[in-house]
Structures are given as C-alpha cells and as structure tokens.
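Student: Sharing a structure with you now.
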There are 2 protein chains.
Amino acid sequence: MVEKKLDNKFSERLNTSGFRFTPQRQRVYDVLMQKRDHPTADEVFVRAKKQMPEISHATVYNTLDALVKCGLVKQVQLQRGAARFCPNMEEHCHYYCDKCGEVFDVPLNKNSAMMPSPRGFKVDHYDIAVHGLCADCAKKK
Amino acid sequence: MVEKKLDNKFSERLNTSGFRFTPQRQRVYDVLMQKRDHPTADEVFVRAKKQMPEISHATVYNTLDALVKCGLVKQVQLQRGAARFCPNMEEHCHYYCDKCGEVFDVPLNKNSAMMPSPRGFKVDHYDIAVHGLCADCAKKK
DNA sequence: CAAGGACTTTAGAATTATTCTAAATCTTGA
DNA sequence: TCAAGATTTAGAATAATTCTAAAGTCCTTG
C-alpha cells in the first residue's frame, strides 16, 4: 500500500483529494495536456476514445469534475452552451473571439489583487474573460 | 411615424440597433430591472408571465438576446447550466457564491485597464467573476 | 484467500437549457 | 391598402449535462 505513493504528481494529487488513480482519469488528463485548445467535455470524450474506445461519456464528465476539484484543471464558461476545460493552472485570463470561438490564455500579473473584496466573502478563484475579436477576425471585418 | 421617437430611452435603444419596441420586450426588461438578482432565462419567463400570461418561452430567449445586442443587458455565465442576466451596465464584476448561488455586483474601478492586450485583439468587453463563499456560507462552514 | 465496502465505470435513460420551425400576427413604408 | 419584414407563439428538436442501476475494481479485514 505504501509503494504506489510516488507514482507521479498526478496520482498524488488525486489521492490527496480522496480520489483514486484510474487509467480513465489519466487518459482524460493526457488529452487536456496534449492539445491545449480548451476543448468541451464532448471534445475530450471524442479524443479520449481514440486510445480508449470503451471510455464512456459519463466517465469523462465525472473525471473532469474530479480534476477540477483536485485543482488540476480549470473549467471555463465563456458563452452559453458547453463548458470548456483548461489544464493551465497558472494565474491567467482567457481571451475569447466571439466570432470564431478561438480561446487563448494570457498570463496575469500579480496585480489581479486589485479586485475589491466585499466583507466576509471568501474568495476561491478569479475567472476573467475578455471577449472580442481575435486578430484574424478583426481584420476580416 | 415621428412622434414615437421619444417614447423613452428603452425604445430608442432598441431602434438604434434595428429592433422594434414591443410590449414583450418592455416586460422582459422590466422584470430584470425590478428584481436585480441575476435570474436565468427561465426565471425571467416565469416572472414575465405573471403580468403577461401569454408570453412564450422563445420570446423571452429572443428578447434577452436582443437586449444583450442592444447593450441594455449583460449575459452572465457563472457556472455550467443556465445563463443569467443582469441589467447593470456599469463596469462591474460578479461575486458568486459557489455554495448558495448568490450573485452580487461589485463596481470596478478604472484600473481594469490593467489587462494585457494581445496584439490585434479587439476587445469588446471584460467578464470578471469571483468565485468563493458568500459571508453567510463562509460562516456556516 | 474470501467477503465486505467504497469507489469507479458503463450504457442508456432522464433532465435541463436552448434553439429551431412553421404558422399567425403585427408594423411600417410605398 | 399592400407587401415585406419583424415578431410572437406553441411545440418539436437539439445540445449539454446529470442520473440510474448494474457491473467491475481495489483495498482492507477476518
């Protein structure tokens, strides 16, 4: 029971939040790390299936929730419809093109602390999106 | 055709974006103004129905979209699931309690300009949410 | 090793949120 | 007044997510 501890960071992180390591969870996390384009749960499902054809829809949803709870992944809700997922845990904000749907991360300097703090509110995390047109779409318009 | 122009700000704003004034749109907007608790489209529908029983679901959705396009209302996506709507067009951010779901606006000082600007990206608007626990829920925990 | 328990996965059903469709109605300008 | 275009409506359709029940896995204890 002791020797599996050092498996890797990923497995440790799951464990400390009370989750077990499973191949499905590894696979979902790998999918997110491999192509960092902020896929939806369904896109993750499709990609995960390529190497693990028997994985189910529900597992992908459950896993994404678990990873969010572990602090391994961020859930991003940029518009109505499907949530997107992002394994970049650095402090950053999302630039979102309302035309083509492209999303990209922009690191955030420390001064995000400029946010006012209503008394008593216990901040968990900030969620900052910038909507507009990406360079390409802006040109075309 | 001329004398309706000065109806009110609301109607003007619709017109300048190519929308017509309709009683349904007025009603939906009134609902948002009367109770500023960031209702979902469905909650708006229920409230609107009280004084306008024949209003339809689709109209509420269409209207909310129209109001967002006019710049009269903001759409807020704080979590998975239903979008919420907010008639406060001042620069502000949303504090959201992940436990009880309460949302409140906090005005934002001018220094929101601190946001980095990737070259070529044409910013339309910022969308800033702060997740955590409201004072009440933080106490209980 | 066997049994029990907790956690996880799976397929598919169910639910929720939103969008679409087609027909009816309304408004506006010619 | 008429035609075009916008709007509304009920209900169907779609999309996104959650739920359910059964089966599988892994660990711990006897």
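Naming works like this for the structure tokens: A, B, ... for the chains as they're shown, residue 1 at the start of each chain, ligands 1 onward in shown order.
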List the neighbours of DT8 in chain D out to 12 Å using only C-alpha atoms (C1' of nucleotides); skip same-chain residues closer than 3 positions along the sequence, and give me the result as a list of chain:residue names.
Tutor: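 After dropping sequence-adjacent residues, the list is B:Thr22, B:Pro23, B:Gln24, B:Arg25, B:Glu54, B:Ile55, B:Ser56, B:His57, B:Ala58, B:Thr59, B:Val60, B:Tyr61, B:Asn62, B:Thr63, C:DA23, C:DA24, C:DT25, C:DC26.
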Student: Write a file of the just-selected residues containing C-alpha atoms (C1' of nucleotides), as a PDB file, in the first residue's frame.
Tutor:
```pdb
ATOM      1  CA  THR B  22     -42.735  45.571 -28.306  1.00  0.00           C
ATOM      2  CA  PRO B  23     -44.664  45.116 -25.085  1.00  0.00           C
ATOM      3  CA  GLN B  24     -42.976  41.777 -24.548  1.00  0.00           C
ATOM      4  CA  ARG B  25     -39.552  43.352 -24.724  1.00  0.00           C
ATOM      5  CA  GLU B  54     -49.418  34.588 -22.993  1.00  0.00           C
ATOM      6  CA  ILE B  55     -45.733  35.389 -23.370  1.00  0.00           C
ATOM      7  CA  SER B  56     -43.759  32.460 -24.693  1.00  0.00           C
ATOM      8  CA  HIS B  57     -40.502  30.872 -23.778  1.00  0.00           C
ATOM      9  CA  ALA B  58     -38.982  31.575 -27.164  1.00  0.00           C
ATOM     10  CA  THR B  59     -39.858  35.238 -26.934  1.00  0.00           C
ATOM     11  CA  VAL B  60     -38.075  35.547 -23.646  1.00  0.00           C
ATOM     12  CA  TYR B  61     -34.970  33.975 -25.136  1.00  0.00           C
ATOM     13  CA  ASN B  62     -35.171  36.112 -28.255  1.00  0.00           C
ATOM     14  CA  THR B  63     -35.742  39.226 -26.234  1.00  0.00           C
TER      15      THR B  63
ATOM     16  C1'  DA C  23     -47.854  29.423 -38.859  1.00  0.00           C
ATOM     17  C1'  DA C  24     -50.149  33.506 -37.268  1.00  0.00           C
ATOM     18  C1'  DT C  25     -49.846  38.381 -36.155  1.00  0.00           C
ATOM     19  C1'  DC C  26     -48.179  42.942 -36.239  1.00  0.00           C
TER      20       DC C  26
END
```
Student: Cys97 in chain B: which residues within 7 Å, counting only C-alpha atoms (C1' of nucleotides), same-chain residues fewer than 2 positions away excluded, as a list of chain:residue names?
Tutor: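 So the residues in contact are B:Tyr95, B:Lys99, B:Cys100, B:Gly101, B:Glu102, B:Val103, B:His131, B:Gly132, B:Leu133, B:Cys134.
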Student: Write the selection just made, keeping C-alpha atoms, as an mmCIF file, in the first residue's frame?
Tutor:
```
data_model
loop_
_atom_site.group_PDB
_atom_site.id
_atom_site.type_symbol
_atom_site.label_atom_id
_atom_site.label_comp_id
_atom_site.auth_asym_id
_atom_site.auth_seq_id
_atom_site.Cartn_x
_atom_site.Cartn_y
_atom_site.Cartn_z
ATOM 1 C CA TYR B 95 -19.111 37.753 -6.895
ATOM 2 C CA LYS B 99 -22.415 27.147 -2.275
ATOM 3 C CA CYS B 100 -25.750 29.001 -2.279
ATOM 4 C CA GLY B 101 -25.589 30.516 -5.755
ATOM 5 C CA GLU B 102 -25.967 34.110 -4.654
ATOM 6 C CA VAL B 103 -24.584 36.673 -7.068
ATOM 7 C CA HIS B 131 -15.906 32.574 -7.134
ATOM 8 C CA GLY B 132 -15.950 31.624 -3.488
ATOM 9 C CA LEU B 133 -18.235 31.634 -0.483
ATOM 10 C CA CYS B 134 -20.502 34.490 0.486
#
```
Student: Can you measure CA of Leu108 in chain B to CA of Glu91 in chain B for me? One decimal in Å is fine.
Tutor: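 About the pair CA of Leu108 in chain B and CA of Glu91 in chain B: they are 5.6 Å apart.
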Student: If DSSP is run on the backbone, what residues of chain A are alpha helix (DSSP H)? A reply as a ChimeraX atom specification would be ideal.
Tutor: /A:9-16,23-34,41-51,57-70,135-140
Student: So which one's closest to Ala41 in chain A, A:Pro53, A:Lys74, A:Arg84, A:Arg20? Using only C-alpha atoms, please.
Tutor: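 Smallest separation from Ala41 in chain A among the options: A:Arg84.
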Student: I need the strand (DSSP E or B) residues of range 34-96 of chain A per DSSP on the backbone, written as a list in words.
Tutor: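 In range 34-96 of chain A, DSSP puts these residues in strand (DSSP E or B): Thr40, Lys74, Gln75, Val76, Arg84, Phe85, Cys86, His92, Cys93, His94, Tyr95 and Tyr96 of chain A.
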